[in-house]
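Peer 1: Dropping in input02.pdb, which is PDB, C-alpha atoms, pLDDT in the B column:
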```
ATOM      1  CA  GLY A   1     166.738 -71.517  53.032  1.00 81.00           C
ATOM      2  CA  ASN A   2     166.789 -74.723  51.086  1.00 90.00           C
ATOM      3  CA  LEU A   3     169.375 -77.001  49.533  1.00 93.00           C
ATOM      4  CA  ASP A   4     170.811 -76.200  46.115  1.00 95.00           C
ATOM      5  CA  HIS A   5     173.025 -78.395  43.965  1.00 96.00           C
ATOM      6  CA  VAL A   6     175.924 -76.293  42.657  1.00 96.00           C
ATOM      7  CA  THR A   7     176.000 -78.538  39.588  1.00 97.00           C
ATOM      8  CA  PRO A   8     172.388 -79.626  39.064  1.00 97.00           C
ATOM      9  CA  ARG A   9     171.682 -83.347  39.279  1.00 96.00           C
ATOM     10  CA  ASP A  10     170.312 -83.476  35.745  1.00 96.00           C
ATOM     11  CA  ARG A  11     173.659 -82.048  34.573  1.00 97.00           C
ATOM     12  CA  GLY A  12     175.783 -84.631  36.362  1.00 97.00           C
ATOM     13  CA  GLY A  13     175.834 -83.113  39.863  1.00 96.00           C
ATOM     14  CA  ARG A  14     175.876 -85.491  42.786  1.00 96.00           C
ATOM     15  CA  ASP A  15     174.268 -85.517  46.226  1.00 95.00           C
ATOM     16  CA  GLU A  16     177.506 -84.885  48.133  1.00 95.00           C
ATOM     17  CA  PHE A  17     178.861 -82.208  50.464  1.00 93.00           C
ATOM     18  CA  GLY A  18     181.044 -80.620  47.771  1.00 94.00           C
ATOM     19  CA  ASN A  19     178.033 -80.025  45.520  1.00 96.00           C
ATOM     20  CA  VAL A  20     175.240 -79.009  47.906  1.00 95.00           C
ATOM     21  CA  VAL A  21     174.842 -75.609  49.577  1.00 95.00           C
ATOM     22  CA  VAL A  22     172.132 -73.773  51.526  1.00 93.00           C
ATOM     23  CA  SER A  23     170.402 -71.199  49.352  1.00 93.00           C
ATOM     24  CA  LYS A  24     167.530 -68.762  49.543  1.00 93.00           C
ATOM     25  CA  LYS A  25     164.467 -70.350  47.984  1.00 94.00           C
ATOM     26  CA  ASP A  26     163.936 -67.509  45.485  1.00 94.00           C
ATOM     27  CA  LEU A  27     167.537 -67.734  44.254  1.00 92.00           C
ATOM     28  CA  ASN A  28     167.351 -71.497  43.917  1.00 94.00           C
ATOM     29  CA  THR A  29     164.105 -71.153  41.968  1.00 94.00           C
ATOM     30  CA  LYS A  30     165.719 -68.526  39.698  1.00 92.00           C
ATOM     31  CA  LYS A  31     168.720 -70.783  39.111  1.00 95.00           C
ATOM     32  CA  GLY A  32     166.686 -73.886  38.282  1.00 94.00           C
ATOM     33  CA  ASN A  33     168.876 -76.463  36.552  1.00 96.00           C
ATOM     34  CA  ARG A  34     171.490 -73.967  35.383  1.00 97.00           C
ATOM     35  CA  LEU A  35     175.033 -73.358  36.615  1.00 97.00           C
ATOM     36  CA  ASN A  36     175.750 -70.366  38.838  1.00 96.00           C
ATOM     37  CA  GLU A  37     177.765 -68.675  36.085  1.00 96.00           C
ATOM     38  CA  GLU A  38     174.826 -68.951  33.705  1.00 97.00           C
ATOM     39  CA  VAL A  39     172.587 -66.876  35.992  1.00 96.00           C
ATOM     40  CA  GLY A  40     175.181 -64.513  37.488  1.00 95.00           C
ATOM     41  CA  LEU A  41     175.411 -66.113  40.938  1.00 94.00           C
ATOM     42  CA  LYS A  42     178.596 -66.636  42.932  1.00 94.00           C
ATOM     43  CA  LEU A  43     179.203 -68.903  45.933  1.00 94.00           C
ATOM     44  CA  LEU A  44     180.155 -67.095  49.141  1.00 92.00           C
ATOM     45  CA  THR A  45     182.327 -70.056  50.208  1.00 92.00           C
ATOM     46  CA  LYS A  46     183.397 -73.298  48.586  1.00 93.00           C
ATOM     47  CA  PRO A  47     181.201 -76.184  49.781  1.00 95.00           C
ATOM     48  CA  LYS A  48     182.962 -78.905  51.791  1.00 91.00           C
ATOM     49  CA  ALA A  49     182.194 -81.790  54.109  1.00 89.00           C
ATOM     50  CA  PRO A  50     181.871 -80.980  57.804  1.00 83.00           C
ATOM     51  CA  PRO A  51     184.731 -82.143  60.017  1.00 78.00           C
ATOM     52  CA  ALA A  52     184.518 -85.709  61.248  1.00 78.00           C
ATOM     53  CA  ILE A  53     183.519 -86.229  64.857  1.00 70.00           C
ATOM     54  CA  PRO A  54     186.360 -87.951  66.740  1.00 70.00           C
ATOM     55  CA  PRO A  55     185.303 -91.397  68.064  1.00 69.00           C
ATOM     56  CA  VAL A  56     185.826 -90.374  71.700  1.00 66.00           C
ATOM     57  CA  VAL A  57     183.261 -87.574  71.285  1.00 69.00           C
ATOM     58  CA  LYS A  58     180.749 -90.079  69.937  1.00 69.00           C
ATOM     59  CA  LEU A  59     181.410 -92.309  72.930  1.00 67.00           C
ATOM     60  CA  ARG A  60     180.907 -89.377  75.310  1.00 70.00           C
ATOM     61  CA  GLN A  61     177.554 -88.657  73.714  1.00 70.00           C
ATOM     62  CA  ASN A  62     176.369 -92.260  73.823  1.00 68.00           C
ATOM     63  CA  PRO A  63     178.678 -94.706  75.619  1.00 64.00           C
ATOM     64  CA  ARG A  64     178.224 -98.343  74.614  1.00 73.00           C
ATOM     65  CA  HIS A  65     178.531 -99.393  78.223  1.00 72.00           C
ATOM     66  CA  PRO A  66     177.275 -97.049  80.960  1.00 75.00           C
ATOM     67  CA  VAL A  67     180.173 -98.085  83.230  1.00 76.00           C
ATOM     68  CA  TRP A  68     182.536 -96.342  80.775  1.00 70.00           C
ATOM     69  CA  ALA A  69     180.911 -92.924  81.380  1.00 70.00           C
ATOM     70  CA  PRO A  70     183.212 -91.802  84.253  1.00 72.00           C
ATOM     71  CA  PHE A  71     186.286 -92.435  82.073  1.00 69.00           C
ATOM     72  CA  LEU A  72     184.940 -90.531  79.066  1.00 65.00           C
ATOM     73  CA  LYS A  73     184.224 -87.186  80.731  1.00 67.00           C
ATOM     74  CA  ALA A  74     186.305 -84.330  79.351  1.00 54.00           C
TER
END
```
Would you mind writing the structure in this file as structure tokens?
Peer 2:
Amino acid sequence: GNLDHVTPRDRGGRDEFGNVVVSKKDLNTKKGNRLNEEVGLKLLTKPKAPPAIPPVVKLRQNPRHPVWAPFLKA
């Protein structure tokens, strides 16, 4: 797959989670710079930003100070 802008950039679409989806390359090529409705395509789900990673999870993955590690284990 590749990335497709729901609203193409040259038609005002932005590089943001709510406007970018994963698409099959052949469908994205067919769509070009048109809107989904113009080529008979429909999104399977509405695009949205992924959930934020809670700060404590980030600290568990890479603690700033190694001595913190025993206190960050879940």
Peer 1: If the PyMOL selection byres ((chain A and resi 22) around 6) were run on this exact file, what residues would it hold? Put them as a PDB file with C-alpha atoms, in the coordinates of the input.
Peer 2:
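Contents of out_38.pdb, freshly written:
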```pdb
ATOM      1  CA  ASN A   2     166.789 -74.723  51.086  1.00 90.00           C
ATOM      2  CA  LEU A   3     169.375 -77.001  49.533  1.00 93.00           C
ATOM      3  CA  VAL A  21     174.842 -75.609  49.577  1.00 95.00           C
ATOM      4  CA  SER A  23     170.402 -71.199  49.352  1.00 93.00           C
TER       5      SER A  23
END
```
Peer 1: Rounded to one decimal in Å, what is the spacing between CA of Lys48 in chain A and CA of Gly18 in chain A?
Peer 2: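 Distance reported for this atom pair: 4.8 Å.
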Peer 1: Step by step, gather every atom of range 8-21 of chain A that the file lists, find the box along x, y and z that holds them, add 6 Å on each side, and finally give centre and edge lengths in Å to one decimal, as lines of an AutoDock Vina configuration file.
Peer 2:
```
center_x = 175.7
center_y = -80.6
center_z = 42.5
size_x = 22.7
size_y = 21.9
size_z = 27.9
```
Peer 1: How far is it from CA of Pro47 in chain A to CA of Gln61 in chain A, in Å with one decimal?
Peer 2: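 Calculated distance between CA of Pro47 in chain A and CA of Gln61 in chain A is 27.2 Å.
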Peer 1: Report, in Å with one decimal, the straight-line distance from CA of Pro8 in chain A to CA of Asn33 in chain A.
Peer 2: 5.4 Å
Peer 1: Could you pull the residues within 12 Å of Gly12 in chain A, counting only C-alpha atoms, minus those fewer than 5 positions along the same chain, as a PyMOL selection string?
Peer 2: chain A and resi 5-7+19+33-35
Peer 1: Do you know which residues are at most 12 Å from Gly1 in chain A counting only C-alpha atoms, after dropping those on the same chain fewer than 3 positions away, and could you put them as a VMD selection string?
Peer 2: chain A and resid 4 21 to 29
Peer 1: Save range 2-68 of chain A to a file: C-alpha atoms, as a PDB file, in the first residue's frame.
Peer 2:
```
ATOM      1  CA  ASN A   2       0.893   3.640  -0.141  1.00  0.00           C
ATOM      2  CA  LEU A   3      -0.364   6.879   1.345  1.00  0.00           C
ATOM      3  CA  ASP A   4      -3.306   8.682  -0.231  1.00  0.00           C
ATOM      4  CA  HIS A   5      -4.601  12.146   0.585  1.00  0.00           C
ATOM      5  CA  VAL A   6      -8.395  11.979   0.926  1.00  0.00           C
ATOM      6  CA  THR A   7      -8.534  15.586  -0.273  1.00  0.00           C
ATOM      7  CA  PRO A   8      -5.581  15.956  -2.650  1.00  0.00           C
ATOM      8  CA  ARG A   9      -2.931  18.495  -1.691  1.00  0.00           C
ATOM      9  CA  ASP A  10      -3.407  20.472  -4.893  1.00  0.00           C
ATOM     10  CA  ARG A  11      -7.089  20.829  -3.929  1.00  0.00           C
ATOM     11  CA  GLY A  12      -6.407  22.145  -0.438  1.00  0.00           C
ATOM     12  CA  GLY A  13      -5.771  18.852   1.381  1.00  0.00           C
ATOM     13  CA  ARG A  14      -3.229  18.868   4.163  1.00  0.00           C
ATOM     14  CA  ASP A  15      -0.583  16.426   5.371  1.00  0.00           C
ATOM     15  CA  GLU A  16      -2.420  15.471   8.569  1.00  0.00           C
ATOM     16  CA  PHE A  17      -3.859  12.299  10.085  1.00  0.00           C
ATOM     17  CA  GLY A  18      -7.455  13.219   9.213  1.00  0.00           C
ATOM     18  CA  ASN A  19      -6.605  13.504   5.514  1.00  0.00           C
ATOM     19  CA  VAL A  20      -4.144  10.665   4.876  1.00  0.00           C
ATOM     20  CA  VAL A  21      -5.016   6.972   4.537  1.00  0.00           C
ATOM     21  CA  VAL A  22      -3.254   3.797   3.381  1.00  0.00           C
ATOM     22  CA  SER A  23      -4.378   2.809  -0.097  1.00  0.00           C
ATOM     23  CA  LYS A  24      -3.591   0.225  -2.729  1.00  0.00           C
ATOM     24  CA  LYS A  25      -1.200   1.730  -5.251  1.00  0.00           C
ATOM     25  CA  ASP A  26      -3.468   0.997  -8.238  1.00  0.00           C
ATOM     26  CA  LEU A  27      -6.445   2.699  -6.572  1.00  0.00           C
ATOM     27  CA  ASN A  28      -4.380   5.722  -5.617  1.00  0.00           C
ATOM     28  CA  THR A  29      -3.093   5.960  -9.186  1.00  0.00           C
ATOM     29  CA  LYS A  30      -6.675   5.710 -10.518  1.00  0.00           C
ATOM     30  CA  LYS A  31      -7.824   8.429  -8.124  1.00  0.00           C
ATOM     31  CA  GLY A  32      -5.018  10.856  -8.953  1.00  0.00           C
ATOM     32  CA  ASN A  33      -5.904  14.346  -7.744  1.00  0.00           C
ATOM     33  CA  ARG A  34      -9.651  13.733  -7.637  1.00  0.00           C
ATOM     34  CA  LEU A  35     -11.984  13.276  -4.672  1.00  0.00           C
ATOM     35  CA  ASN A  36     -13.189   9.793  -3.762  1.00  0.00           C
ATOM     36  CA  GLU A  37     -16.748  10.637  -4.822  1.00  0.00           C
ATOM     37  CA  GLU A  38     -15.525  11.677  -8.257  1.00  0.00           C
ATOM     38  CA  VAL A  39     -14.086   8.215  -8.957  1.00  0.00           C
ATOM     39  CA  GLY A  40     -16.596   6.060  -7.058  1.00  0.00           C
ATOM     40  CA  LEU A  41     -14.389   5.202  -4.073  1.00  0.00           C
ATOM     41  CA  LYS A  42     -15.513   5.058  -0.453  1.00  0.00           C
ATOM     42  CA  LEU A  43     -13.401   5.063   2.718  1.00  0.00           C
ATOM     43  CA  LEU A  44     -13.695   1.924   4.845  1.00  0.00           C
ATOM     44  CA  THR A  45     -13.150   3.982   8.022  1.00  0.00           C
ATOM     45  CA  LYS A  46     -12.824   7.669   8.786  1.00  0.00           C
ATOM     46  CA  PRO A  47      -9.149   8.651   9.110  1.00  0.00           C
ATOM     47  CA  LYS A  48      -8.036   9.859  12.553  1.00  0.00           C
ATOM     48  CA  ALA A  49      -4.896  10.457  14.569  1.00  0.00           C
ATOM     49  CA  PRO A  50      -3.519   7.500  16.513  1.00  0.00           C
ATOM     50  CA  PRO A  51      -3.964   7.638  20.282  1.00  0.00           C
ATOM     51  CA  ALA A  52      -1.313   9.540  22.187  1.00  0.00           C
ATOM     52  CA  ILE A  53       1.244   7.501  24.084  1.00  0.00           C
ATOM     53  CA  PRO A  54       0.979   8.261  27.818  1.00  0.00           C
ATOM     54  CA  PRO A  55       4.206   9.834  29.179  1.00  0.00           C
ATOM     55  CA  VAL A  56       4.837   6.934  31.574  1.00  0.00           C
ATOM     56  CA  VAL A  57       4.943   4.514  28.621  1.00  0.00           C
ATOM     57  CA  LYS A  58       7.537   6.702  26.924  1.00  0.00           C
ATOM     58  CA  LEU A  59       9.587   6.696  30.112  1.00  0.00           C
ATOM     59  CA  ARG A  60       9.354   2.900  30.334  1.00  0.00           C
ATOM     60  CA  GLN A  61      10.661   2.613  26.795  1.00  0.00           C
ATOM     61  CA  ASN A  62      13.543   5.025  27.324  1.00  0.00           C
ATOM     62  CA  PRO A  63      14.020   6.273  30.896  1.00  0.00           C
ATOM     63  CA  ARG A  64      15.918   9.553  31.188  1.00  0.00           C
ATOM     64  CA  HIS A  65      17.834   8.196  34.139  1.00  0.00           C
ATOM     65  CA  PRO A  66      18.618   4.465  34.298  1.00  0.00           C
ATOM     66  CA  VAL A  67      18.100   4.479  38.086  1.00  0.00           C
ATOM     67  CA  TRP A  68      14.393   5.174  37.438  1.00  0.00           C
TER      68      TRP A  68
END
```
